[in-house]
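So the structure is just underneath, and the comments pick up after that.
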Amino acid sequence: MFRSTFLIVTLLGAALLTGCAGANKGEPSKDPGEAASEGAASEGGPEVGKPAPAFSLKSADGSKAISLGDLKGKVVVVDFWATWCDPCRESFPSYEKLAQEFPDTLAVVGVSVDEEPDGIADFGKSTGVKFPLLWDEGGKVAELYAPPKMPTSFVIDQEGVLRHIHAGYAVEEEEKLRVEIRALVDSK
């Protein structure tokens with residue numbers, strides 16, 4: 001209980017300090033994924049070039065569970081987000097567009113770090129996304145990935161290896177992700 005409360009307080013504090021409520025709009029995010037060849041890591045999180053941490057989470061309504069292992073063979077974008085995060089709301093249509101663009105080779109999974117699942121389904125409907133929105137009850141998966149701010153997306157290749165990290169969101173992220181996904185899809 002203490003660890004999940006600490007994680008939530010830490011994420012909220014980071015969001016306030018980094019401007020999750022919109023201060024990073026229009027600014028390119030810092031992208032630790034750019035240094036993938038050097039084996040860059042997010043602070044306390046998984047290391048680029050190493051296997052992504054395994055997880056299995058249920059949808060907010062508890063109707064289905066998805067694990068990272070279920071998605072092997074596809075490029076996966078795991079996006080950590082929250083209902084209170086304005087840049088998250090802006091990012092969702094881009095992720096949905098990418099999921100539609102690469103329907104057979106890409107899986108996008110939204111992992112909510114909200115304390116309660118209330119509002120997750122409505123957030124998905126209001127942004128028009130069809131990709132799965134999972135609830136990280138207790139924050140255990142967020143603890144493994146250590147997203148530095150909301151949103152943060154992790155691009156994982158077909159073999160389950162972390163290739164890129166995008167902390168924050170700006171309109172330029174969609175094209176960066178498209179290029180990264182295309183390169184991973186074309187490499188197989």
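All residue names refer to the structure tokens as shown: chains lettered A, B, ... in order, residues numbered from 1 in each chain, ligands numbered from 1 in order.
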Please, which residues in segment 43-66 of chain A fall within 10 Å of segment 151-154 of chain A when counting only C-alpha atoms, and what is the closest atom pair and distance in Å to one decimal for each, ordered by chain then residue number, as a tab-separated table?
residue	atom	partner	partner_atom	distance
A:Pro46	CA	A:Phe154	CA	9.5
A:Val48	CA	A:Phe154	CA	9.4
A:Ala52	CA	A:Phe154	CA	8.8
Just all heavy atoms for this one: save the residues we selected as a tab-separated table (two decimals), in the first residue's frame.
chain	number	residue	atom	x	y	z
A	46	PRO	N	13.25	0.34	-17.30
A	46	PRO	CA	13.92	-0.63	-18.17
A	46	PRO	C	14.97	0.04	-19.04
A	46	PRO	O	14.92	1.24	-19.31
A	46	PRO	CB	12.78	-1.18	-19.01
A	46	PRO	CG	11.77	-0.09	-19.04
A	46	PRO	CD	11.87	0.59	-17.71
A	48	VAL	N	16.93	0.55	-22.57
A	48	VAL	CA	16.78	0.42	-24.02
A	48	VAL	C	17.79	-0.62	-24.51
A	48	VAL	O	18.94	-0.63	-24.10
A	48	VAL	CB	17.00	1.79	-24.71
A	48	VAL	CG1	17.04	1.63	-26.22
A	48	VAL	CG2	15.91	2.77	-24.30
A	52	ALA	N	11.90	-5.80	-22.36
A	52	ALA	CA	10.95	-4.98	-21.61
A	52	ALA	C	10.36	-5.81	-20.48
A	52	ALA	O	10.17	-7.02	-20.63
A	52	ALA	CB	9.83	-4.49	-22.55
Exercise. Find, counting only C-alpha atoms, the residue in A:Gly110, A:Gly62, A:Gly44, A:Gly73 that gets nearest to Asp157 of chain A.
Key: A:Gly73
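Distances to Ser63 of chain A were evaluated for A:Leu134, A:Val111, A:Cys85, A:Leu98 using only C-alpha atoms, and the minimum falls at A:Leu134.
Comparing the minimum interatomic distances between Leu144 of chain A and each of A:Lys74, A:Lys125, A:Ala183, A:Phe80, counting only C-alpha atoms, we find that A:Phe80 sits nearest.
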Quiz prompt | Which residue of A:Leu106, A:Lys149, A:Glu172, A:Lys140 approaches Cys88 of chain A most closely, using only C-alpha atoms | solution = A:Lys149
